[in-house]
Every structure is written in C-alpha cells, then in structure tokens.
Amino acid sequence: MANTETFKISAALKDLIGKELITDEFVAVFELVKNSFDANASKVEVIFENNYEPDNARIIIKDNGKGMNYDDLKNKWLFVAYSAKRLDKENEDYRDKIKTQRIFAGAKGVGRFSCDRLGRFLNLITIKDEPKPKTENLVVNWEDFENADDEEFVNIKVTHKVLTENAYKLQNGTILEITGLRDNWDRDRILKLKKSLAKLINPNQENDSDNFEIEMIAKEELTLDKEKNKKGEKKSDLEIVNGLVKNSIFETLEIKTSNILVQISPKGDYIETTLQDRGDLIYYLKEKNHYKDLKNVAVYLFQLNRAAKANFTRLMGMEPVKYGSVFMYKNGFRVYPYGEEGEDGLGIERRKQQGYNRFLGTRDLIGRIEINGPQPELRETTSRDGGLVRNDTFRNLIDFFEKYVLKRLENYVVNIIAWGDPEIDKVTKEVIRPELWAKDVKVQILELISGYINSQDVIEIQYDKDFLKILSDKQELSVDKIVKNVSKVAAKSGNPEMVKEAKKIEKAVREIKADADRDKAKAAKEEEKRKETEKKLDYVVSQNNFLQKDISDDTKNLESILHHIGLTTNFIKKDIENLVKSINSNASKNELQTIVKRLSQQNEKITSFSKYFKKVNFNIHSNKLDVDVISFTNEYIENVYKLRDDLRINRELLNVKINMMPKRIEHKIKFNPIDMIIVLDNLISNSTKHGASKVELTWTKSDKSIQLSFKDDGKGIADNILDSIFDFGFTTSRRGSGIGLYHAKEIIENLNGTIKVNNKLSKGVEFLISFISNK
C-alpha cells in the first residue's frame, strides 16, 4: 500500500539562500533597498554607525514604506521564498493595496536573507500604515542556523515582541539594524557602495522611481566630507559620503556626442530608432518588430568621443571607464552586473576584438537598456549578481541590441564621421585630424538614410530638412539616385511637408545641372589659361637669394601659376559667385557671413603664398632658381601643404614634422621649384595611400653630403617588392598609377642626388635623399 512522504529542510538552507547565494556585499544592500521601494517607501536611509569599531559597527536600513504587522511578519516575511510581488494575482496583501504605478523590483522572496550576508545579527523594527498600529520587533541570530545541519529549518526559533516605543520616532515603515558585520566598512568601501547605488535606480522610469530617494548617512565621515569641500572646489556627489544618492544619467550631463535611442513599443508591434549627433537629428525610423517575444524595451546608447570623455570626467569626478559602460534596468532598478568595469555580458568587447577599428568597445560607449513591465522571460537569476536568465528571450534581446542599436550607431560614427578621437600634436597641441560634424558629411548621411528605402519593414522615415540644402553644392551623378530615394521616402511617409520638400529638391537639382554645365565651360577656359601661364614658368628664375627685395610688378602675376595657388583662386571665384547669388536671393545674415569667412580664409592662404614668393627676385630669361633647397622645402610644407583644406576635409592631411640637425643648414643649388614640389607631393601621397598619419622630415649634414630623411608610420614596404618601387608603372595601391616614385627618383637624380629606401623600421618606411655637399 502506497503512502506519502514530505521533504525535510535542513537549517543549512539559510546559508544557501543567504550569504552563500548573495556573495557581494553591495548586491546585498541593493536587495534591501529594492524591498523598501516595493514597500512604497519614498525614502530609504542607509546608515553606518561606529564603522571604525568592528565590535560596535552596525548598518541600519531605514525606510518610510507601508511597514508590516504581526500577520505580515509571520505569514510573509518568515515564509521562506514567499513573494507577495510574485503572487499578487492570487493573494491580496499590503503591497497589493499600494496606490501606485510602481512595478515591483524583486520577485524571488529571498531578498530578506541579504541581511545574513551583511552581518550575523538582525534586529527588525516595523510599523504598518494602518489604524492603531503596533511596533513589531523580530530578532534573528543567523548563527543559530549554522553548524546545525541536523536540525530542521522550521525548528530554529527567532524572537518576536511588541515594542512600546522606538528610538526612530517612526510613524510607519521598516528598520533593519544589522550588527556583527562581515565586512570592514571604511570610507573607501562606503564611497564605492554610494557609486554603485547611484547606478541602481534609473530616474528615467515612468513607474514612480523619480519619487524614491536614497540617502547615505555616516557620522564618522562628516569631518572628512567638510574638509573636502573647504578647498572651494565643488566636489562630485560621489566623492562625499553623506547626502542623497543621485543617478546623473548621461543626458543630464549635457554631453553632446553621437547617440541613438531604439525603442520596442509596449505591445511589441514596431521599433522606433532616433539617431542624433551632438544635438542634430540624423534620422528617425519606425519599422516592424520581428522579435515576437520582445516588447516595452528601450536602449539609450552614447558614443564617447574625446570631448564627451573629458566632460564626463569633469562632471562626475571619475573617468567613464571607471563609471561603467552599458547598464541594464528592469522596472527602474538595475540588473547587476551589466555595465560594471570589465564585465562583458552583452558581448561588446568580444565583438570589438574581431575588428578593432571597425567596432565600438565598452571604452567607447555608455548607456542603458530599459526593460519595462512584468516580462517574466526576462528575469534575474536567483544569485542576484548573475544578470538575466540566459534563455531564448534573453538571446533575442542581445541580438536586438547588436543589430538595431550597436551596429546602427557604429555605421554612423565609424563609416560616416570616420570614427576616432581627434589626434592632437603633443608639442603644438594642435588638432591634426579634427572630428567631422554632420554638416561635413550630409551627402553620406542622405545616402545612409536612402539605404532604408527598399526595406519592407520601414513604416516611416524622418530626417533633418537642413540636409537637403547640400544638394545645391553637390554636382555628382549620385545626386540623381539620392533625389529618387528621397522622393520615395516622402511618398512612403505620407507626410505632406516631406512631399513638398522632395519637389523642391527635384527643382533644385534641375537648376544645379544647368549651372554645372556653365561652370564646366568656364572651368575649361580657366584650365587653358592656366596651362599657357604654366609654360611661362620655365622662363622664370631667381636673381637673388631669399630675404631680398620684392619681385617687380611685371612678374607678380606669375605667382598664380603654381597649382595650389590656382586651386585657391578657383575657390575664391566660386565663393564670390555664391555670394552674388545669396545677395540676390536675400539670404540670411548668417549665410552671408559664412561665405565671407570662407573668402577671408582663402585670402589668407594667398597672402601666405605671396610672402613666400616675395622673397625671390625672378628673371624671365631663365628656368631655374639658384636658392637654398632646404629653406624652399621647409617653407612649402609649412606655408602650402599644411593649409590645404581639401586634404583636411577628406581626412588626408598628415601631421608633418620638420627636424634640423644642426639647426642651421643651407644647400644652395639650381632647381625648378615645380620639380621639388612634385617630389614632396609624391612622397606624401605615397604615405597617405599606405595608411600613414604622421611624417617626419629630418635634415642632416656631413662633410660630404646633405641628407633628407623622409619617414612615415604607415604600412611600410615589403622586402619582395623593394627593388621595384621606383620602376615605371609599378604600384601596390588601387589609387596609385605607378608613376609618382619613378618621377621623384628621376628628379632627384637630375639634381645630382640619390634616393634610397629603408624598410627595416618597426613601423612605416624611410626614404633617404642625399645631395653632394657644396662645402
């Protein structure tokens, strides 16, 4: 005959669900603070007393929540693994009656055992918010459960009594006095707890977490707090122990950087994406959601450029990498340990290792994932510091984060604005490669947006109308394609304003094409004039050395023959035409000022060129200069190459440094200036094509020769092609013609010099140019 039996529960269960389950002291405090939130408290105080006296130290968690009566204590608090939050559909209790929109932060029924992780003894005092409440008191000695494996859990007693008064003058709420502390809570540990608590609550929630405060109180730390504030500097809240814990989420810091917000609607039927760059809207997308098990999720992600990192450090008192990366919140409370320094539960770092320069890592990002609503499939592990349970829904969440959030932000900052912090010269502190802004890459942005057109999932697209203005300056075949795609966007959106803008674009493009044809004709004539003038250069030669009298009026017009001066004058001509058009169309003052500023900049370039050439006195009966080739080379780099905006905008302007050893070197020879410019341009172009960012020119002098070392930090030159690089037509670059280095060698040899290659550097390559010394 069959009979039934029941499980016995050993007293050792206490350790399994207490200090052995919740192993982190910070997580233990998190759990108790979350319990206060669930009890509808508006404030919880985390109090440290006698924290430098191990035998007398205690932690007090005090809240003004709904509190508990004897029935609650007996049937709920002492009921292991009972959770009123999880069972609220079946049982109505004190928390069910809370008139609030809060969604419970915990639902395991074991958070109360966090007290065991913090200390050996617990004194619980609670007063329920009800008529004629009693002050209930429970005293628990957690050590009674230890070394009692043979005892049943239910047979270990705890002490209950009703207090006639309490020292806290509490009207309602719960107080947890924890003594026999298991950790040493010095100032450093308390500050770390405060920083962790600052990230516990997400103040951007709609479920009432804005009305919940956490205050840290430690009397032993007040003196040092005051001393830190005496210096007159405003300290970060996270450097001061006593006071309210504030979660200064990234937006409140007003750090302008590239950022993306992606939201899955509450019902899970669509996904909305908003991409912004330093305050400018790049695009907004609304599309179908194919993740059937994901809903009511929002992800805010920010790319940290150099300025953002500096501002963050200044405002928060710590570097972003120390603060954390991408945090996760469920119903307003943090899911630990996502976002912690060195933690990679979202796979961001693993992915970055696959493509260092193509992917963003945790050091480049900060943000949060918000999960709202019950969402039982996205639940925390029982261990509390293990994140979410790794089921299919969790894996879909990670897939959604990578495809719809991380990759879209990467596509913009890596491929559009050419991701990477601006390079700063360590000596001059000048920006070598300035970070591009949205206004610099409007065409690329429109091409990015138009790429979404053919997707069947896209419901709506919006973007900054200001991007359309760039079409008036764009004269490439790609414009037609962009216009067609923009028209599709407008039609698909059903937005009358967008349709109206699209028609304006079509009209503008027709006008552009007409202007382009006229400009091409003018440009052809200008090119013919330039070539004729260039021929005259062969008859121009210097009569005197540098630093002599100005050239005569008859030869001033010959300055414009150089290629770069020709480019600059063409820029000025174009801007003058734009200025006339703008004036005739009653353009705004700001637009006119912008054009005038550009004209002024180009004029300054011409001034720089003229200062250089006025140092030479020309003779129209010769075709070479008899001057110092070293001074000529250095001045060309400083006054011509470094001022080229076309290279800067295309991120091709290299950082060129010139060294003179000794400081004063001179080598006077007869040479055509155009030839030396060709040599320099070809060497620099070769460095650019091979991925260099820096070039170093070093002049040295010996008894027999003058030597120029041209060294870059690019990919270098392999041994197997070393003997071929100066051959006519030989190239390893898709962008190369195989003529540049051949031509450079030919010119140097015609000047009685030699050019050799040193490819034995740890990085890059070195070209060594030698001239026979005159002395």
# chains A, B, ... in the order shown; residues from 1 in each chain; ligands from 1

call {"tool": "residues_around", "arguments": {"residues": "A:Leu365", "least_positions_apart": "5", "cutoff": "6 Å", "atoms": "only C-alpha atoms", "output": "PyMOL selection string"}}
result
chain A and resi 302-304+325

call {"tool": "write_last_selection", "arguments": {"atoms": "N, CA and C atoms", "output": "CSV table (one decimal), in the first residue's frame"}}
result
chain,number,residue,atom,x,y,z
A,302,PHE,N,25.3,56.0,-26.2
A,302,PHE,CA,26.1,57.1,-26.5
A,302,PHE,C,27.5,56.7,-26.8
A,303,GLN,N,28.1,57.3,-27.9
A,303,GLN,CA,29.5,57.1,-28.3
A,303,GLN,C,30.3,58.1,-27.6
A,304,LEU,N,31.4,57.7,-26.9
A,304,LEU,CA,32.2,58.6,-26.2
A,304,LEU,C,33.4,59.1,-27.0
A,325,SER,N,29.8,51.0,-18.4
A,325,SER,CA,29.5,51.1,-19.8
A,325,SER,C,28.0,51.1,-20.0

call {"tool": "residues_around", "arguments": {"residues": "A:Ile190", "least_positions_apart": "5", "cutoff": "10 Å", "atoms": "only C-alpha atoms", "output": "list in words"}}
result
Phe26, Phe48, Asn51, Asn184, Trp185, Lys195, Ser196, Met216, Ile217, Ala218, Glu221, Ile240, Val241 and Asn242 of chain A

call {"tool": "atom_distance", "arguments": {"atom1": "atom CA of A:Arg408", "atom2": "atom CA of A:Lys309"}}
result
21.1 Å

call {"tool": "residues_around", "arguments": {"residues": "A:Thr633", "least_positions_apart": "6", "cutoff": "9 Å", "atoms": "only C-alpha atoms", "output": "PyMOL selection string"}}
result
chain A and resi 676-677+680

call {"tool": "select_by_dssp", "arguments": {"residues": "stretch 113-314 of chain A", "states": "strand (DSSP E or B)", "output": "PyMOL selection string"}}
result
chain A and resi 119-127+135-141+152+159-163+173-181+201+213-218+243-244+258-264+270-277+280-288+297-303

call {"tool": "closest_residue", "arguments": {"among": "A:Asn123, A:Ile459, A:Arg358, A:Lys589", "to": "A:Asn411", "atoms": "only C-alpha atoms"}}
result
A:Arg358

call {"tool": "closest_residue", "arguments": {"among": "A:Tyr323, A:Tyr336, A:Tyr412, A:Tyr404", "to": "A:Gly386", "atoms": "only C-alpha atoms"}}
result
A:Tyr336

call {"tool": "closest_atom_pairs", "arguments": {"of": "stretch 258-361 of chain A", "to": "stretch 366-384 of chain A", "cutoff": "10 Å", "atoms": "only C-alpha atoms", "output": "CSV"}}
result
residue,atom,partner,partner_atom,distance
A:Asn259,CA,A:Gly367,CA,9.1
A:Ile260,CA,A:Gly367,CA,9.5
A:Leu261,CA,A:Gly367,CA,9.7
A:Val262,CA,A:Ile369,CA,9.6
A:Gln263,CA,A:Glu370,CA,9.2
A:Ile264,CA,A:Ile371,CA,9.9
A:Pro266,CA,A:Asn372,CA,8.4
A:Asp293,CA,A:Glu377,CA,8.5
A:Leu294,CA,A:Gln375,CA,8.7
A:Lys295,CA,A:Ile371,CA,8.4
A:Asn296,CA,A:Asn372,CA,5.6
A:Val297,CA,A:Ile371,CA,4.8
A:Ala298,CA,A:Glu370,CA,5.1
A:Val299,CA,A:Ile369,CA,4.4
A:Tyr300,CA,A:Gly367,CA,5.3
A:Leu301,CA,A:Gly367,CA,4.4
A:Phe302,CA,A:Ile366,CA,5.4
A:Gln303,CA,A:Ile366,CA,6.8
A:Leu304,CA,A:Ile366,CA,7.2
A:Pro320,CA,A:Ile366,CA,7.8
A:Val321,CA,A:Ile366,CA,8.9
A:Tyr323,CA,A:Ile366,CA,9.2
A:Gly324,CA,A:Ile366,CA,7.2
A:Ser325,CA,A:Ile366,CA,4.4
A:Val326,CA,A:Gly367,CA,4.6
A:Phe327,CA,A:Arg368,CA,4.4
A:Met328,CA,A:Ile369,CA,4.6
A:Tyr329,CA,A:Glu370,CA,4.9
A:Lys330,CA,A:Ile371,CA,4.6
A:Asn331,CA,A:Asn372,CA,4.9
A:Gly332,CA,A:Glu370,CA,7.7
A:Phe333,CA,A:Glu370,CA,9.2
A:Arg334,CA,A:Glu370,CA,9.0
A:Val335,CA,A:Glu380,CA,7.2
A:Tyr336,CA,A:Arg384,CA,6.9
A:Pro337,CA,A:Arg384,CA,8.8
A:Tyr338,CA,A:Arg368,CA,9.2
A:Gly339,CA,A:Arg368,CA,8.2
A:Gly361,CA,A:Ile366,CA,9.8

call {"tool": "closest_residue", "arguments": {"among": "A:Asn40, A:Ser693, A:Asn137, A:Thr159", "to": "A:Asn211", "atoms": "only C-alpha atoms"}}
result
A:Asn40

call {"tool": "atom_distance", "arguments": {"atom1": "atom CA of A:Glu45", "atom2": "atom CA of A:Ile61"}}
result
5.8 Å

call {"tool": "residues_around", "arguments": {"residues": "A:Arg664", "least_positions_apart": "4", "cutoff": "12 Å", "atoms": "only C-alpha atoms", "output": "VMD selection string"}}
result
chain A and resid 628 630 to 631 659 to 660 699 to 701

call {"tool": "closest_residue", "arguments": {"among": "A:Val757, A:Leu124, A:Leu409, A:Val27", "to": "A:Glu136", "atoms": "only C-alpha atoms"}}
result
A:Leu124

call {"tool": "residues_around", "arguments": {"residues": "A:Ile156", "least_positions_apart": "4", "cutoff": "9 Å", "atoms": "only C-alpha atoms", "output": "tab-separated table (two decimals) with all heavy atoms, in the first residue's frame"}}
result
chain	number	residue	atom	x	y	z
A	11	ALA	N	18.51	23.24	8.46
A	11	ALA	CA	18.83	24.63	8.82
A	11	ALA	C	19.91	25.20	7.93
A	11	ALA	O	20.07	26.42	7.83
A	11	ALA	CB	19.26	24.71	10.29
A	144	ASP	N	22.51	30.89	14.73
A	144	ASP	CA	21.73	29.77	15.25
A	144	ASP	C	21.45	28.73	14.17
A	144	ASP	O	21.21	27.56	14.47
A	144	ASP	CB	20.40	30.27	15.83
A	144	ASP	CG	20.58	31.05	17.12
A	144	ASP	OD1	21.69	30.96	17.71
A	144	ASP	OD2	19.65	31.78	17.52
A	145	PHE	N	21.48	29.18	12.91
A	145	PHE	CA	21.19	28.26	11.80
A	145	PHE	C	22.45	27.54	11.31
A	145	PHE	O	22.37	26.61	10.53
A	145	PHE	CB	20.58	29.04	10.61
A	145	PHE	CG	19.23	29.63	10.90
A	145	PHE	CD1	19.11	30.84	11.56
A	145	PHE	CD2	18.08	28.96	10.51
A	145	PHE	CE1	17.86	31.39	11.80
A	145	PHE	CE2	16.82	29.50	10.76
A	145	PHE	CZ	16.71	30.71	11.41
A	151	GLU	N	19.40	19.85	12.29
A	151	GLU	CA	18.16	20.47	12.73
A	151	GLU	C	17.31	20.87	11.51
A	151	GLU	O	17.84	21.23	10.47
A	151	GLU	CB	18.45	21.73	13.55
A	151	GLU	CG	19.07	21.46	14.91
A	151	GLU	CD	18.05	20.92	15.89
A	151	GLU	OE1	16.83	21.17	15.69
A	151	GLU	OE2	18.46	20.25	16.85
A	152	GLU	N	15.99	20.80	11.68
A	152	GLU	CA	15.11	21.28	10.61
A	152	GLU	C	15.01	22.80	10.67
A	152	GLU	O	14.98	23.39	11.76
A	152	GLU	CB	13.73	20.64	10.74
A	152	GLU	CG	13.72	19.16	10.41
A	152	GLU	CD	12.33	18.64	10.18
A	152	GLU	OE1	11.56	19.33	9.48
A	152	GLU	OE2	12.00	17.57	10.70

call {"tool": "atom_distance", "arguments": {"atom1": "atom CA of A:Glu460", "atom2": "atom CA of A:Asn415"}}
result
23.6 Å

call {"tool": "closest_residue", "arguments": {"among": "A:Leu285, A:Leu360, A:Ile772, A:Val765", "to": "A:Lys704", "atoms": "only C-alpha atoms"}}
result
A:Ile772
